[in-house]
>>> print(open('input-v9.tsv').read())   # TSV, C-alpha atoms
chain	number	residue	atom	x	y	z
J	1	MET	CA	-17.83	1.46	-6.37
J	2	LYS	CA	-18.34	-1.95	-4.78
J	3	ASN	CA	-18.14	-1.93	-1.00
J	4	ASP	CA	-16.87	-5.47	-0.34
J	5	VAL	CA	-13.15	-5.03	0.34
J	6	ILE	CA	-12.63	-8.71	1.18
J	7	SER	CA	-13.90	-11.61	-0.91
J	8	PRO	CA	-15.33	-14.34	1.35
J	9	GLU	CA	-13.64	-17.74	1.45
J	10	PHE	CA	-15.39	-20.95	2.46
J	11	ASP	CA	-14.22	-24.34	3.70
J	12	GLU	CA	-15.28	-27.70	2.30
J	13	ASN	CA	-18.43	-27.54	4.44
J	14	GLY	CA	-19.47	-24.20	3.03
J	15	ARG	CA	-18.66	-22.28	6.21
J	16	ALA	CA	-17.04	-18.86	5.96
J	17	MET	CA	-13.34	-18.97	6.88
J	18	ARG	CA	-11.78	-16.38	9.16
J	19	ARG	CA	-8.57	-14.77	7.94
J	20	ILE	CA	-5.95	-12.79	9.80
J	21	ARG	CA	-6.19	-9.26	8.45
J	22	SER	CA	-3.59	-6.53	8.61
J	23	PHE	CA	-6.22	-3.80	8.90
J	24	VAL	CA	-9.38	-2.86	10.72
J	25	ARG	CA	-11.99	-1.46	8.41
J	26	ARG	CA	-12.92	1.94	9.82
J	27	GLN	CA	-15.71	2.93	7.47
J	28	GLY	CA	-16.21	6.44	8.78
J	29	ARG	CA	-18.63	9.00	7.41
J	30	LEU	CA	-18.10	10.35	3.93
J	31	THR	CA	-18.06	14.11	3.50
J	32	LYS	CA	-20.13	15.59	0.70
J	33	GLY	CA	-16.94	16.24	-1.25
J	34	GLN	CA	-15.72	12.65	-0.84
J	35	GLN	CA	-19.09	11.25	-1.90
J	36	PHE	CA	-19.15	13.58	-4.91
J	37	ALA	CA	-15.67	12.36	-5.89
J	38	LEU	CA	-16.70	8.71	-5.58
J	39	ASP	CA	-19.82	9.33	-7.66
J	40	ASN	CA	-18.09	11.34	-10.37
J	41	PHE	CA	-14.40	10.41	-10.50
J	42	TRP	CA	-14.42	6.71	-9.57
J	43	PRO	CA	-15.71	5.79	-13.06
J	44	VAL	CA	-12.58	7.46	-14.48
J	45	MET	CA	-9.85	6.56	-11.97
J	46	GLY	CA	-11.36	3.71	-9.96
J	47	VAL	CA	-10.66	0.01	-10.56
J	48	GLU	CA	-13.10	-2.61	-9.28
J	49	PHE	CA	-11.72	-5.82	-7.85
J	50	GLN	CA	-11.86	-8.80	-10.18
J	51	ALA	CA	-10.34	-12.23	-9.70
J	52	GLU	CA	-8.28	-12.08	-12.88
J	53	PRO	CA	-5.01	-10.40	-13.96
J	54	LEU	CA	-5.17	-6.70	-14.68
J	55	ALA	CA	-4.05	-5.42	-18.09
J	56	ILE	CA	-2.03	-2.54	-16.68
J	57	ASP	CA	-0.90	-1.01	-19.99
J	58	ALA	CA	-4.49	-0.99	-21.24
J	59	LEU	CA	-5.68	0.51	-17.95
J	60	PHE	CA	-3.44	3.55	-18.45
J	61	GLY	CA	-3.45	3.55	-22.22
J	62	ARG	CA	0.33	3.37	-22.33
J	63	SER	CA	3.38	1.41	-21.20
J	64	ALA	CA	5.35	3.05	-18.37
J	65	PRO	CA	7.04	2.11	-15.08
J	66	VAL	CA	4.42	1.09	-12.51
J	67	VAL	CA	4.41	2.11	-8.85
J	68	LEU	CA	1.95	0.42	-6.48
J	69	GLU	CA	1.15	1.99	-3.11
J	70	ILE	CA	-0.57	-0.05	-0.41
J	71	GLY	CA	-2.66	1.87	2.11
J	72	PHE	CA	-2.49	5.44	0.83
J	73	GLY	CA	-4.66	6.96	3.58
J	74	MET	CA	-6.18	10.19	2.29
J	75	GLY	CA	-3.97	10.01	-0.80
J	76	THR	CA	-2.24	13.39	-0.50
J	77	SER	CA	1.31	12.13	-0.91
J	78	LEU	CA	0.30	9.60	-3.57
J	79	VAL	CA	-1.27	12.34	-5.71
J	80	THR	CA	1.84	14.48	-5.20
J	81	MET	CA	4.09	11.67	-6.41
J	82	ALA	CA	1.89	11.01	-9.43
J	83	LYS	CA	1.90	14.71	-10.34
J	84	GLN	CA	5.67	14.99	-9.92
J	85	ASN	CA	6.32	11.85	-12.00
J	86	PRO	CA	4.09	12.02	-15.09
J	87	ASP	CA	6.30	9.44	-16.83
J	88	GLN	CA	5.22	6.75	-14.33
J	89	ASN	CA	1.92	4.97	-13.75
J	90	PHE	CA	0.62	4.84	-10.16
J	91	ILE	CA	-1.85	2.40	-8.61
J	92	GLY	CA	-3.09	3.03	-5.08
J	93	ILE	CA	-4.93	0.57	-2.83
J	94	GLU	CA	-6.91	1.67	0.24
J	95	VAL	CA	-9.69	-0.10	2.16
J	96	HIS	CA	-11.33	2.99	3.65
J	97	SER	CA	-13.77	4.71	1.31
J	98	PRO	CA	-13.39	8.22	2.80
J	99	GLY	CA	-9.68	8.04	1.94
J	100	VAL	CA	-10.48	6.82	-1.56
J	101	GLY	CA	-12.93	9.67	-2.03
J	102	ALA	CA	-10.41	12.22	-0.75
J	103	CYS	CA	-7.71	10.84	-3.05
J	104	LEU	CA	-10.00	11.00	-6.09
J	105	ALA	CA	-10.99	14.58	-5.26
J	106	THR	CA	-7.37	15.70	-4.89
J	107	ALA	CA	-6.27	13.90	-8.06
J	108	HIS	CA	-9.05	15.58	-10.02
J	109	GLU	CA	-8.20	18.99	-8.55
J	110	GLU	CA	-4.51	18.54	-9.45
J	111	GLY	CA	-5.29	17.30	-12.95
J	112	VAL	CA	-3.52	13.98	-12.42
J	113	SER	CA	-4.17	11.40	-15.13
J	114	ASN	CA	-1.52	8.75	-14.34
J	115	LEU	CA	-3.22	7.41	-11.20
J	116	ARG	CA	-5.74	4.61	-10.66
J	117	VAL	CA	-7.17	3.63	-7.27
J	118	MET	CA	-8.70	0.52	-5.75
J	119	CYS	CA	-10.77	-0.08	-2.62
J	120	HIS	CA	-10.01	-3.67	-1.66
J	121	ASP	CA	-7.74	-5.88	0.43
J	122	ALA	CA	-4.22	-5.40	-0.95
J	123	VAL	CA	-3.22	-9.02	-0.31
J	124	GLU	CA	-6.08	-10.28	-2.45
J	125	VAL	CA	-5.32	-7.70	-5.15
J	126	LEU	CA	-1.72	-8.91	-5.28
J	127	GLU	CA	-2.79	-12.53	-5.46
J	128	LYS	CA	-5.49	-12.17	-8.10
J	129	MET	CA	-4.97	-8.99	-10.11
J	130	ILE	CA	-1.33	-7.93	-10.32
J	131	PRO	CA	0.64	-9.85	-13.00
J	132	ASP	CA	3.99	-11.33	-12.01
J	133	GLY	CA	6.96	-9.12	-12.83
J	134	SER	CA	4.82	-6.10	-13.65
J	135	LEU	CA	5.79	-3.61	-10.91
J	136	ASP	CA	8.82	-1.35	-10.67
J	137	MET	CA	8.18	-0.27	-7.07
J	138	VAL	CA	5.87	-1.09	-4.19
J	139	GLN	CA	5.34	1.51	-1.47
J	140	LEU	CA	4.08	0.81	2.04
J	141	PHE	CA	4.07	3.98	4.11
J	142	PHE	CA	3.03	4.09	7.77
J	143	PRO	CA	1.03	0.85	7.94
J	144	ASP	CA	-0.80	-0.04	11.14
J	145	PRO	CA	2.02	-1.13	13.51
J	146	TRP	CA	-0.24	-3.30	15.72
J	147	HIS	CA	1.56	-2.22	18.88
J	148	LYS	CA	0.43	-5.01	21.22
J	149	ALA	CA	2.56	-8.15	21.09
J	150	ARG	CA	-0.47	-10.42	20.70
J	151	HIS	CA	-1.41	-8.47	17.57
J	152	ASN	CA	2.03	-8.54	15.91
J	153	LYS	CA	0.86	-11.40	13.68
J	154	ARG	CA	-1.46	-8.88	11.99
J	155	ARG	CA	1.43	-6.75	10.74
J	156	ILE	CA	1.35	-6.82	6.96
J	157	VAL	CA	5.12	-7.19	6.59
J	158	GLN	CA	5.52	-10.93	7.11
J	159	PRO	CA	7.60	-13.43	5.06
J	160	GLU	CA	4.54	-14.86	3.30
J	161	PHE	CA	3.32	-11.42	2.22
J	162	VAL	CA	6.79	-10.32	1.11
J	163	GLU	CA	7.11	-13.43	-1.05
J	164	LYS	CA	3.79	-12.61	-2.77
J	165	LEU	CA	5.02	-9.09	-3.34
J	166	ARG	CA	8.44	-10.24	-4.63
J	167	LYS	CA	6.82	-12.15	-7.48
J	168	LYS	CA	4.95	-9.05	-8.61
J	169	LEU	CA	8.06	-6.85	-8.76
J	170	LYS	CA	10.44	-6.95	-11.68
J	171	VAL	CA	13.96	-8.14	-10.90
J	172	GLY	CA	15.62	-4.93	-9.75
J	173	GLY	CA	12.28	-3.57	-8.52
J	174	VAL	CA	12.17	-1.93	-5.08
J	175	PHE	CA	10.02	-2.41	-1.99
J	176	HIS	CA	9.98	0.89	-0.07
J	177	MET	CA	8.63	0.91	3.49
J	178	ALA	CA	8.34	3.70	6.03
J	179	THR	CA	7.11	3.74	9.63
J	180	ASP	CA	7.18	6.05	12.63
J	181	TRP	CA	7.10	3.13	15.09
J	182	GLU	CA	10.65	1.95	15.78
J	183	PRO	CA	9.72	-1.58	16.94
J	184	TYR	CA	7.89	-2.06	13.63
J	185	ALA	CA	10.90	-0.72	11.73
J	186	GLU	CA	13.02	-3.32	13.51
J	187	HIS	CA	10.46	-6.00	12.66
J	188	MET	CA	10.49	-4.97	8.98
J	189	LEU	CA	14.28	-5.05	8.91
J	190	GLU	CA	14.37	-8.48	10.54
J	191	VAL	CA	11.85	-9.93	8.09
J	192	MET	CA	13.51	-8.47	4.99
J	193	THR	CA	17.07	-9.40	5.93
J	194	SER	CA	15.98	-12.99	6.61
J	195	LEU	CA	14.96	-13.42	2.96
J	196	GLU	CA	17.68	-14.24	0.43
J	197	SER	CA	15.95	-12.73	-2.60
J	198	TRP	CA	16.34	-9.15	-1.41
J	199	ALA	CA	19.20	-6.65	-1.22
J	200	ASN	CA	19.11	-3.86	1.33
J	201	LEU	CA	19.79	-0.50	-0.34
J	202	SER	CA	21.06	0.96	2.92
J	203	GLN	CA	24.84	1.33	2.94
J	204	GLU	CA	24.79	0.60	6.67
J	205	GLY	CA	22.62	-2.46	6.27
J	206	ASN	CA	19.64	-0.97	8.10
J	207	TYR	CA	17.70	2.17	7.15
J	208	VAL	CA	17.97	4.72	4.34
J	209	PRO	CA	17.50	8.50	4.52
J	210	ARG	CA	14.07	9.57	3.34
J	211	PRO	CA	14.34	9.67	-0.46
J	212	GLU	CA	13.04	12.76	-2.24
J	213	SER	CA	10.51	10.52	-3.98
J	214	ARG	CA	8.55	10.19	-0.71
J	215	PRO	CA	6.83	13.48	0.16
J	216	VAL	CA	6.69	14.50	3.81
J	217	THR	CA	3.10	14.33	5.07
J	218	LYS	CA	1.47	16.76	7.54
J	219	PHE	CA	1.31	13.88	10.00
J	220	GLU	CA	5.05	13.31	9.61
J	221	MET	CA	5.90	17.02	9.97
J	222	ARG	CA	3.87	17.15	13.18
J	223	GLY	CA	5.75	14.11	14.46
J	224	GLN	CA	9.08	15.72	13.63
J	225	ARG	CA	8.14	18.81	15.64
J	226	LEU	CA	7.36	16.50	18.57
J	227	GLY	CA	10.70	14.74	18.16
J	228	HIS	CA	9.30	11.52	16.67
J	229	GLY	CA	11.49	9.51	14.32
J	230	VAL	CA	10.66	8.00	10.93
J	231	TRP	CA	12.45	4.99	9.48
J	232	ASP	CA	12.65	4.27	5.74
J	233	LEU	CA	13.65	0.87	4.37
J	234	MET	CA	14.31	0.09	0.72
J	235	PHE	CA	14.98	-3.43	-0.54
J	236	GLU	CA	15.64	-4.45	-4.14
J	237	ARG	CA	14.48	-7.72	-5.62
J	238	LYS	CA	17.60	-9.70	-6.55
J	239	GLN	CA	15.93	-12.75	-8.09
>>> encode(input="input-v9.tsv", output="structure tokens")
Amino acid sequence: MKNDVISPEFDENGRAMRRIRSFVRRQGRLTKGQQFALDNFWPVMGVEFQAEPLAIDALFGRSAPVVLEIGFGMGTSLVTMAKQNPDQNFIGIEVHSPGVGACLATAHEEGVSNLRVMCHDAVEVLEKMIPDGSLDMVQLFFPDPWHKARHNKRRIVQPEFVEKLRKKLKVGGVFHMATDWEPYAEHMLEVMTSLESWANLSQEGNYVPRPESRPVTKFEMRGQRLGHGVWDLMFERKQ
């Protein structure tokens, strides 16, 4: 597995350009199990970044609805969804290799075959690898909320990002977001409702109840016991 999650960009003078990123790369230490999974299961389920469109049907060896998850953490819920929906193809993107290793290990243990994972910047993957109109759903669960006001520009849900994502979804495809930080939920709602190409699937025009398709994580259950809220948003691509 290549370890460069961001491809460098240079200006006309050959100097490296700085980009605003929505994540901090916390490399962390790989456990023996995670390293074993990367060594043994990445060749089967891993997808290296390449600056050209991905042949998704060929990747899975079949044609099926495609779900893309951005930032899957340790991959527990993503593997659960893939196992519960064998008629769908799942692609997960995560920049932290311990999480990728954990996801691969769990997928192998559960016998999941309809999942492929990537370790790269999701924005660049969307721009270079995901064909237009190829996705049925995009999932973004509990992204970094960037609490401080001066860091809000780093939040991944911004109009420019959503427009990139819209092109990759089929018409009628759904962008499903979830966060446990209410100010970020409000930010997401403001961004999405400002864009004409999306329809909010909430009957009240704000948030939706957690759909059964999104498993409850241990982190979320702990938050519920402490009285923390979780906000789900689902928007459908209209055009």
>>> atom_distance(input="input-v9.tsv", atom1="atom CA of J:Lys238", atom2="atom CA of J:Met81")
25.3 Å
>>> closest_residue(input="input-v9.tsv", among="J:Gly92, J:Val125, J:Lys83, J:Ala185", to="J:Glu110", atoms="only C-alpha atoms")
J:Lys83
>>> atom_distance(input="input-v9.tsv", atom1="atom CA of J:Thr179", atom2="atom CA of J:Asp232")
6.8 Å
>>> closest_residue(input="input-v9.tsv", among="J:Val230, J:Met221, J:Met192, J:Ala122", to="J:Asp180", atoms="all atoms listed in the file")
J:Val230
>>> closest_atom_pairs(input="input-v9.tsv", of="stretch 125-184 of chain J", to="stretch 196-210 of chain J", cutoff="10 Å", atoms="only C-alpha atoms", output="Markdown table")
| residue | atom | partner | partner_atom | distance |
| --- | --- | --- | --- | --- |
| J:Val162 | CA | J:Trp198 | CA | 9.9 |
| J:Glu163 | CA | J:Ser197 | CA | 9.0 |
| J:Arg166 | CA | J:Ser197 | CA | 8.2 |
| J:Val171 | CA | J:Ser197 | CA | 9.7 |
| J:Gly172 | CA | J:Trp198 | CA | 9.4 |
| J:Gly173 | CA | J:Trp198 | CA | 9.9 |
| J:Val174 | CA | J:Leu201 | CA | 9.1 |
| J:Phe175 | CA | J:Trp198 | CA | 9.3 |
| J:His176 | CA | J:Val208 | CA | 9.9 |
| J:Met177 | CA | J:Tyr207 | CA | 9.9 |
| J:Ala178 | CA | J:Arg210 | CA | 8.6 |
>>> residues_near_point(input="input-v9.tsv", point="(5.0, 5.8, 0.9)", cutoff="10 Å", atoms="all atoms listed in the file", output="compact mmCIF listing (two decimals) with C-alpha atoms, keeping the file's coordinate frame")
# COMPACT_ATOMS: atom_id res chain seq x y z
CA LEU J 68 1.95 0.42 -6.48
CA GLU J 69 1.15 1.99 -3.11
CA ILE J 70 -0.57 -0.05 -0.41
CA GLY J 71 -2.66 1.87 2.11
CA PHE J 72 -2.49 5.44 0.83
CA SER J 77 1.31 12.13 -0.91
CA LEU J 78 0.30 9.60 -3.57
CA MET J 81 4.09 11.67 -6.41
CA VAL J 138 5.87 -1.09 -4.19
CA GLN J 139 5.34 1.51 -1.47
CA LEU J 140 4.08 0.81 2.04
CA PHE J 141 4.07 3.98 4.11
CA PHE J 142 3.03 4.09 7.77
CA PRO J 143 1.03 0.85 7.94
CA HIS J 176 9.98 0.89 -0.07
CA MET J 177 8.63 0.91 3.49
CA ALA J 178 8.34 3.70 6.03
CA THR J 179 7.11 3.74 9.63
CA SER J 213 10.51 10.52 -3.98
CA ARG J 214 8.55 10.19 -0.71
CA PRO J 215 6.83 13.48 0.16
CA VAL J 216 6.69 14.50 3.81
CA THR J 217 3.10 14.33 5.07
CA ASP J 232 12.65 4.27 5.74
>>> closest_residue(input="input-v9.tsv", among="J:Phe219, J:Trp181, J:Leu169, J:Gln88", to="J:Glu236", atoms="all atoms listed in the file")
J:Leu169
>>> residues_around(input="input-v9.tsv", residues="J:Leu59", least_positions_apart="5", cutoff="9 Å", atoms="all atoms listed in the file", output="VMD selection string")
chain J and resid 47 54 116
>>> atom_distance(input="input-v9.tsv", atom1="atom CA of J:Met129", atom2="atom CA of J:Phe49")
7.8 Å
>>> closest_residue(input="input-v9.tsv", among="J:Phe60, J:Tyr184, J:Phe90, J:Trp42", to="J:Leu135", atoms="all atoms listed in the file")
J:Phe90
>>> residues_around(input="input-v9.tsv", residues="stretch 33-41 of chain J", least_positions_apart="3", cutoff="8 Å", atoms="all atoms listed in the file", output="PyMOL selection string")
chain J and resi 1+30+44-46+98+100-102+104-105+108
>>> residues_around(input="input-v9.tsv", residues="J:Glu52", least_positions_apart="3", cutoff="12 Å", atoms="all atoms listed in the file", output="PyMOL selection string")
chain J and resi 48-49+55+124-131
>>> residues_around(input="input-v9.tsv", residues="J:Asn89", least_positions_apart="2", cutoff="10 Å", atoms="all atoms listed in the file", output="ChimeraX atom specification")
/J:56-57,59-60,62-68,82,85-87,91,113-116,135-136
>>> decode(input="input-v9.tsv", residues="stretch 47-79 of chain J", atoms="N, CA, C and O atoms", output="compact mmCIF listing (two decimals), in the first residue's frame")
# COMPACT_ATOMS: atom_id res chain seq x y z
N VAL J 47 -7.30 -0.58 -3.02
CA VAL J 47 -7.24 0.10 -4.32
C VAL J 47 -6.24 1.24 -4.21
O VAL J 47 -6.44 2.16 -3.39
N GLU J 48 -5.18 1.19 -4.98
CA GLU J 48 -4.19 2.27 -4.97
C GLU J 48 -4.72 3.49 -5.73
O GLU J 48 -5.46 3.35 -6.69
N PHE J 49 -4.32 4.67 -5.27
CA PHE J 49 -4.72 5.88 -5.98
C PHE J 49 -4.06 5.92 -7.35
O PHE J 49 -2.88 5.59 -7.51
N GLN J 50 -4.84 6.33 -8.34
CA GLN J 50 -4.31 6.57 -9.68
C GLN J 50 -5.09 7.74 -10.28
O GLN J 50 -6.29 7.87 -10.03
N ALA J 51 -4.42 8.56 -11.03
CA ALA J 51 -5.05 9.77 -11.56
C ALA J 51 -5.81 9.46 -12.85
O ALA J 51 -5.62 10.12 -13.87
N GLU J 52 -6.67 8.47 -12.80
CA GLU J 52 -7.51 8.13 -13.95
C GLU J 52 -8.77 7.44 -13.45
O GLU J 52 -8.79 6.86 -12.36
N PRO J 53 -9.87 7.52 -14.22
CA PRO J 53 -11.15 6.97 -13.77
C PRO J 53 -11.08 5.48 -13.45
O PRO J 53 -10.41 4.71 -14.13
N LEU J 54 -11.77 5.11 -12.40
CA LEU J 54 -11.81 3.73 -11.93
C LEU J 54 -12.90 2.97 -12.67
O LEU J 54 -14.02 3.47 -12.83
N ALA J 55 -12.59 1.77 -13.11
CA ALA J 55 -13.60 0.90 -13.74
C ALA J 55 -14.28 0.11 -12.61
O ALA J 55 -13.83 -0.97 -12.23
N ILE J 56 -15.35 0.68 -12.07
CA ILE J 56 -15.94 0.13 -10.85
C ILE J 56 -16.51 -1.27 -11.07
O ILE J 56 -16.32 -2.17 -10.24
N ASP J 57 -17.21 -1.49 -12.17
CA ASP J 57 -17.78 -2.83 -12.42
C ASP J 57 -16.67 -3.87 -12.50
O ASP J 57 -16.80 -4.98 -11.96
N ALA J 58 -15.57 -3.53 -13.16
CA ALA J 58 -14.45 -4.47 -13.28
C ALA J 58 -13.80 -4.71 -11.92
O ALA J 58 -13.35 -5.82 -11.62
N LEU J 59 -13.75 -3.66 -11.09
CA LEU J 59 -13.15 -3.78 -9.77
C LEU J 59 -13.86 -4.83 -8.92
O LEU J 59 -13.23 -5.60 -8.19
N PHE J 60 -15.20 -4.86 -9.03
CA PHE J 60 -15.99 -5.81 -8.24
C PHE J 60 -16.36 -7.08 -9.02
O PHE J 60 -16.88 -8.03 -8.44
N GLY J 61 -16.11 -7.05 -10.32
CA GLY J 61 -16.48 -8.20 -11.12
C GLY J 61 -17.96 -8.34 -11.35
O GLY J 61 -18.47 -9.42 -11.66
N ARG J 62 -18.68 -7.24 -11.21
CA ARG J 62 -20.13 -7.25 -11.42
C ARG J 62 -20.65 -5.82 -11.47
O ARG J 62 -19.95 -4.87 -11.10
N SER J 63 -21.89 -5.67 -11.91
CA SER J 63 -22.57 -4.38 -11.89
C SER J 63 -23.59 -4.39 -10.77
O SER J 63 -24.43 -5.29 -10.70
N ALA J 64 -23.51 -3.42 -9.87
CA ALA J 64 -24.42 -3.34 -8.72
C ALA J 64 -24.42 -1.90 -8.21
O ALA J 64 -23.50 -1.13 -8.51
N PRO J 65 -25.44 -1.51 -7.44
CA PRO J 65 -25.45 -0.17 -6.85
C PRO J 65 -24.18 0.07 -6.03
O PRO J 65 -23.70 -0.83 -5.34
N VAL J 66 -23.65 1.28 -6.14
CA VAL J 66 -22.37 1.60 -5.49
C VAL J 66 -22.56 2.62 -4.37
O VAL J 66 -23.15 3.68 -4.57
N VAL J 67 -22.04 2.27 -3.19
CA VAL J 67 -22.06 3.15 -2.03
C VAL J 67 -20.63 3.53 -1.70
O VAL J 67 -19.76 2.66 -1.56
N LEU J 68 -20.36 4.83 -1.59
CA LEU J 68 -19.03 5.32 -1.25
C LEU J 68 -19.07 5.94 0.14
O LEU J 68 -19.91 6.82 0.40
N GLU J 69 -18.20 5.50 1.03
CA GLU J 69 -18.11 6.10 2.35
C GLU J 69 -16.79 6.83 2.50
O GLU J 69 -15.71 6.27 2.22
N ILE J 70 -16.86 8.08 2.95
CA ILE J 70 -15.69 8.92 3.14
C ILE J 70 -15.35 8.98 4.62
O ILE J 70 -16.17 9.37 5.44
N GLY J 71 -14.14 8.56 4.97
CA GLY J 71 -13.70 8.60 6.36
C GLY J 71 -14.36 7.54 7.21
O GLY J 71 -15.14 7.86 8.09
N PHE J 72 -14.02 6.26 6.98
CA PHE J 72 -14.73 5.19 7.68
C PHE J 72 -14.12 4.84 9.04
O PHE J 72 -14.59 3.91 9.71
N GLY J 73 -13.11 5.56 9.49
CA GLY J 73 -12.55 5.30 10.81
C GLY J 73 -11.91 3.93 10.89
O GLY J 73 -11.02 3.59 10.10
N MET J 74 -12.38 3.10 11.82
CA MET J 74 -11.87 1.74 11.95
C MET J 74 -12.65 0.76 11.09
O MET J 74 -12.32 -0.43 11.06
N GLY J 75 -13.70 1.24 10.42
CA GLY J 75 -14.39 0.44 9.42
C GLY J 75 -15.45 -0.52 9.93
O GLY J 75 -16.03 -1.27 9.14
N THR J 76 -15.74 -0.50 11.23
CA THR J 76 -16.69 -1.47 11.79
C THR J 76 -18.07 -1.36 11.16
O THR J 76 -18.64 -2.36 10.70
N SER J 77 -18.60 -0.13 11.12
CA SER J 77 -19.95 0.03 10.57
C SER J 77 -19.97 -0.18 9.06
O SER J 77 -20.94 -0.71 8.51
N LEU J 78 -18.90 0.18 8.38
CA LEU J 78 -18.83 -0.01 6.93
C LEU J 78 -18.86 -1.50 6.59
O LEU J 78 -19.59 -1.92 5.68
N VAL J 79 -18.11 -2.31 7.33
CA VAL J 79 -18.12 -3.75 7.10
C VAL J 79 -19.50 -4.33 7.40
O VAL J 79 -20.01 -5.18 6.67
